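Working notes for the structure below.
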Amino acid sequence: MNTITTEIMKNNKLPFKSGALQQLLAFASLILLIIFFSIASPNFLQFSNIVGILLSTAVIGILALGATFVITTGGIDLSVGTVMTLSSVMTALFVTTLGGPTILGVLVGILTGAFCGLLCGLAIAKMKIPPFIATLAMMMIAKGMALVISGASPIYFTNTPGFSNIALGTIIPGIPNGVIIFFGAAIIGALILSKTIVGRYTFALGSNEEATRLSGVNVDSWKIKIYTIAGVFTGLAGVIMASRLNSAQPALGMGYELEAIAAVVIGGTSLSGGKGTIIGTVIGALIMSVLTNGLRILSVPQEWQTVVVGFVIILAVYADNLRRKKA
Amino acid sequence: MGKALLKMEAISKGFPGVQALSDVNFELQAGEVHSLLGENGAGKSTLMKILTGIYQKDDGEITYLGEKVDITDTKMAQDLGISMIHQELNLMPDLTVAQNIFIGREPRSKLKFLLNENELNKRTQKLFNQLNLNLDPKALIGDLTVAKQQMVEIAKALSFNAKILIMDEPTAALTDSEIDTLFEIIERLRSKGVGIVYISHRMEELKRITDRITIMRDGSYIDTVITKHISIDKIIQMMVGRAIYDNSKPMIETGTDKVILEVKNLNNRVLKNINFELKKGEILGFAGLMGAGRTEVARAIFGADPITSGEILINRKEVQIKAPNDAVRNGIGYISEDRKRFGLMVDMDVKTNIAIASIKDFLNPIGWANDSKIAKVSKEMVQKLGVKTPSINQQLKFLSGGNQQKVVIAKWLTRDCDILIFDEPTRGIDVGAKGEIYKLLNELAEQGKAIIMISSELPEVLRMSHRVMVMCEGRITGELSSENASQESIMNFATQRVSIS
């Protein structure tokens, strides 16, 4: 695994040289935060707390992986929060009410996410609806559908005791599966973005859509594919979410999309498209959960935690702007 | 010379209201560098757009490699081996050189969805070796100079096995040594039998690199000449020499001696040591070729582009202009060449567009916009400037180009600007409306406004200006009084590059 990761890092350096500094900056901030909280509280650096941070990063982190693709094309996806919820509801429905096997239930969740992504992609590419609007509509559709399907009440996995093991079980002793799935998804995401044709067109679209079109690339069809891939990550996040809570909570999910976008942006992906890395997004997501966790350990009230995260977003993007101006 | 690669015969093309091309001929041989020359609006671009499948011809014949062809779209032109390098380069700045060249045709690994980055870079390197280009396939496009980006575009075009390469003003953004490199590449392509259409206004370049020149004027074919048998003067004469220009100019002598604007040693990214004065009641023409830096002068004075050094004096007092609102406060109005992008809100109505720059004058004490006052002033302006609109509540997008232009002028007049900068005031405006804009400019000058008029149309410059400043490559290369100004004298200054001056 180690060699794979270094391989990815090496390859990442190639197409996104100018993003490297922002990544370094984000990584340094993460280290500084960790050092700061370790000194401030002896509880911070304990193994159980670190694992807790990683596990709490998993859901937002996986959502942010998908969002990285969309944002790199110069688009935006506001629907990931509620689509995630819809995916958990669909999985719960399949596994509990219909009594389907868990493994197929996972697939149902992922396919739900992919399908919603496909619909967004179609609306954006074929109907020429701006991404902001198309995914805003999908956000509402998914929210409503989750409530309709679940009858507006949570679905518990009480009769499928194994379900919570998807995220909370430990194949590797001491490390919850959710964390391993997150890092696995990140590696796959990084490979797609840097090694595959889809990844190449993700950058091309965000960099100069018209030039890409004039080069004979079927821009519409690739856009649809990219939104669908982002949907796969969203669906996966939904499954992890359901497993962690051992239930599907239809009222949850709103607001997650903004946290995912924040993680992506802190990680150095440009909202105007063309620049983005998975490793940056992973670091961005980690910064957000380290902050929340550390502030909680220091007994900072939750309201204030949110305020701090807000300022961090401003700082991160401002630092990026300063760097860009100099270049 | 080689065999005929391309023959375009009696090509005609009309657009609603304009005959862009009538019976134009053009011929290109293998291994030839052939220049297409003419003033802006002469029809060069239209002709090349027909050749590359962007437009369809109304009439005429195209023979390519001995066969009659009908080029229906850009893809077909590309498949035939006809490539064009546009002035605005079509590249993706966040991708590498190799990734740009092979976009849409990436080599894949055995697993079809995986890219083969090594093969991609290898093929690009091979392409560069063939062309003797010294470029790193892995470099990011955004990090390259314009010159290198252009080379990438050339390499990309040739990777499609282009037999015809059209270059539109390829040297506009290049330095002298970069131009030398470009010319070496062109020589190499020539020796490989590629036919090159070279569009440029720079006379010495044409002398240096081209075999033949085809001259166009007003959408018509004038002549095709062998470059080494003709002088630059003669070329310019053929290019501009129309008799329709009326020498008894209807210019009104309104210029006074009161200097209102003074620009001293202005420098920035593009401009080098710009010095001039503008007098009250004067129309000062700015002439030059595309990319000479005229618009940049306007933008610098207006605070839209930063200046690195220099002084701007208004009424003999130095002023600091850091942003457009500083300029507006000092009574400078800028009427952009791109009305739709920079001058107007086309989805809003006439009265709002007129009032927007001086909205503070229309506010009640509590800060509400006084609609009746806006309506009154707008009506006056519409009447005064003769804007043809059914009402002041009409959305701008429903007005003609000429009337939109009048609304922009009305906006700055409402703001009571003393200095008005017009950038290509009649671009995209039909002939009748042009006359009205000219009349309006004269009236404004008579009323004591000081006017800078940037124009690429020489007859317009000659007809309207009390004095003419001529620019080339960011410098002012000449100043002509209205008596001494002629198309030839302006062209001489406009092509006066550093190397020969």
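Ligands are numbered from 1 in the order shown, residues from 1 within each chain, and chains are lettered A, B, ... in the order they appear in the structure tokens.
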**Message:** To test your reading of the structure, identify every residue in region 9-94 of chain B that backbone DSSP assigns to helix (DSSP H, G or I), and report it as number ranges by chain.
**Reply:** B: 44-51, 74-80
**Residues of chain B within 10 Å of chain A, only C-alpha atoms counted, as a PyMOL selection string** = chain B and resi 74-75+78+89-96+99-109+111-117+138-140+142-143+156
**Asked** So what do you get for CA of Ile287 (chain A) versus CA of Val106 (chain A), distance-wise?
**Response** 28.4 Å
**Request:** Skip Leu80 (chain B) itself and residues of its chain fewer than 3 positions away, then list as a list in words all residues within 8 Å of it, counting only C-alpha atoms.
**Result:**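 Using only C-alpha atoms, the neighbours found are Met76, Ala77 and Ala162 of chain B.
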**Request:** Would you list, as a ChimeraX atom specification, the residues of region 243-347 of chain B that end up in strand (DSSP E) under DSSP run on this structure's backbone?
**Result:** /B:259-267,274-279,283-288,309-314,317-319,332-335
**Message:** At a cut-off of 9 Å, using only C-alpha atoms, what residues contact Leu111 (chain A)? Leave out same-chain residues fewer than 3 positions from it and give the result as a list of chain:residue names.
**Reply:** A:Ser87, A:Val106, A:Leu107, A:Val108, A:Ala114, A:Phe115, A:Cys116, A:Gly231, A:Val232, A:Gly235, A:Leu236
**Prompt:** At what distance in Å, to one decimal, does CA of Pro131 (chain A) lie from CA of Ala319 (chain A)?
**Reply:** 26.4 Å
**Separation of CA of Met348 (chain B) from CA of Ser391 (chain B), in Å and rounded to one decimal** =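 Going from CA of Met348 (chain B) over to CA of Ser391 (chain B) covers 12.7 Å.
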**Request:** Using only C-alpha atoms, determine which residues lie at most 10 Å from region 48-52 of chain A, disregarding the query and same-chain residues fewer than 2 positions distant; provide the list as number ranges by chain.
**Result:** A: 43-46, 54-57, 174-176, 179, 289-290, 293-294, 297
Grab the residues selected above and save them as a PDB file, in the first residue's frame with N, CA and C atoms.
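selection38.pdb written:
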```pdb
ATOM      1  N   ASN A  43      -5.202  14.515  26.004  1.00  0.00           N
ATOM      2  CA  ASN A  43      -6.151  13.525  25.481  1.00  0.00           C
ATOM      3  C   ASN A  43      -6.145  13.447  23.964  1.00  0.00           C
ATOM      4  N   PHE A  44      -5.646  14.522  23.334  1.00  0.00           N
ATOM      5  CA  PHE A  44      -5.806  14.624  21.886  1.00  0.00           C
ATOM      6  C   PHE A  44      -5.098  13.500  21.142  1.00  0.00           C
ATOM      7  N   LEU A  45      -3.817  13.292  21.499  1.00  0.00           N
ATOM      8  CA  LEU A  45      -3.014  12.374  20.697  1.00  0.00           C
ATOM      9  C   LEU A  45      -3.207  10.906  21.071  1.00  0.00           C
ATOM     10  N   GLN A  46      -4.224  10.609  21.888  1.00  0.00           N
ATOM     11  CA  GLN A  46      -4.439   9.211  22.235  1.00  0.00           C
ATOM     12  C   GLN A  46      -4.993   8.442  21.054  1.00  0.00           C
ATOM     13  N   LEU A  54     -10.444   9.987  12.593  1.00  0.00           N
ATOM     14  CA  LEU A  54     -10.435   9.384  11.261  1.00  0.00           C
ATOM     15  C   LEU A  54     -11.821   8.880  10.879  1.00  0.00           C
ATOM     16  N   LEU A  55     -12.483   8.242  11.846  1.00  0.00           N
ATOM     17  CA  LEU A  55     -13.800   7.692  11.551  1.00  0.00           C
ATOM     18  C   LEU A  55     -14.801   8.815  11.266  1.00  0.00           C
ATOM     19  N   SER A  56     -14.678   9.895  12.028  1.00  0.00           N
ATOM     20  CA  SER A  56     -15.627  10.988  11.804  1.00  0.00           C
ATOM     21  C   SER A  56     -15.311  11.719  10.498  1.00  0.00           C
ATOM     22  N   THR A  57     -14.084  11.545   9.977  1.00  0.00           N
ATOM     23  CA  THR A  57     -13.748  12.154   8.693  1.00  0.00           C
ATOM     24  C   THR A  57     -14.355  11.371   7.534  1.00  0.00           C
ATOM     25  N   GLY A 174      -8.049  -2.728  15.640  1.00  0.00           N
ATOM     26  CA  GLY A 174      -7.887  -1.369  16.157  1.00  0.00           C
ATOM     27  C   GLY A 174      -8.337  -0.288  15.211  1.00  0.00           C
ATOM     28  N   ILE A 175      -8.445  -0.596  13.925  1.00  0.00           N
ATOM     29  CA  ILE A 175      -8.836   0.443  12.964  1.00  0.00           C
ATOM     30  C   ILE A 175     -10.193   0.090  12.361  1.00  0.00           C
ATOM     31  N   PRO A 176     -11.187   0.949  12.574  1.00  0.00           N
ATOM     32  CA  PRO A 176     -12.520   0.646  12.047  1.00  0.00           C
ATOM     33  C   PRO A 176     -12.511   0.569  10.516  1.00  0.00           C
ATOM     34  N   VAL A 179     -12.697   3.711   8.266  1.00  0.00           N
ATOM     35  CA  VAL A 179     -11.465   4.455   7.978  1.00  0.00           C
ATOM     36  C   VAL A 179     -10.749   3.840   6.780  1.00  0.00           C
ATOM     37  N   SER A 289     -11.972  17.902  10.543  1.00  0.00           N
ATOM     38  CA  SER A 289     -12.354  17.091  11.711  1.00  0.00           C
ATOM     39  C   SER A 289     -11.358  17.230  12.852  1.00  0.00           C
ATOM     40  N   VAL A 290     -10.075  17.469  12.549  1.00  0.00           N
ATOM     41  CA  VAL A 290      -9.111  17.719  13.625  1.00  0.00           C
ATOM     42  C   VAL A 290      -9.514  18.968  14.395  1.00  0.00           C
ATOM     43  N   ASN A 293     -12.689  18.236  16.463  1.00  0.00           N
ATOM     44  CA  ASN A 293     -12.343  17.350  17.569  1.00  0.00           C
ATOM     45  C   ASN A 293     -11.501  18.073  18.618  1.00  0.00           C
ATOM     46  N   GLY A 294     -10.482  18.762  18.157  1.00  0.00           N
ATOM     47  CA  GLY A 294      -9.578  19.454  19.083  1.00  0.00           C
ATOM     48  C   GLY A 294     -10.305  20.507  19.882  1.00  0.00           C
ATOM     49  N   ILE A 297     -12.364  18.889  22.521  1.00  0.00           N
ATOM     50  CA  ILE A 297     -11.553  18.448  23.656  1.00  0.00           C
ATOM     51  C   ILE A 297     -11.195  19.633  24.543  1.00  0.00           C
TER      52      ILE A 297
END
```
**Item:** Polymer residues at most 7 Å from region 431-448 of chain B, only C-alpha atoms, same-chain spacing of 4 or more positions, as number ranges by chain
**Value:** B: 254, 280-283, 402, 426
**Message:** With distances taken over only C-alpha atoms, which residue among B:Val240, B:Ile419, B:Met453, B:Ala157 lies nearest Ile314 (chain B)?
**Reply:**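 So, comparing all the options, the nearest one is B:Ile419.
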**Asked** Do you know which residues are at most 12 Å from Val148 (chain A) counting only C-alpha atoms, after dropping those on the same chain fewer than 5 positions away, and could you put them as a PyMOL selection string?
**Response** chain A and resi 86+89-90+93+141-143+153-154+250-251
**Request:** Compare B:Arg269, B:Lys122, B:Lys228, B:Arg202 by their minimum atom-to-atom distance to Thr308 (chain B), counting only C-alpha atoms, and give me the closest one.
**Result:** B:Arg269
**Prompt:** Restricting the calculation to only C-alpha atoms, which member of B:Glu27, B:Glu39, B:Asp136, B:Asp176 is positioned closest to Gly219 (chain B)?
**Reply:**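 Using only C-alpha atoms, Gly219 (chain B) sits closest to B:Glu39.
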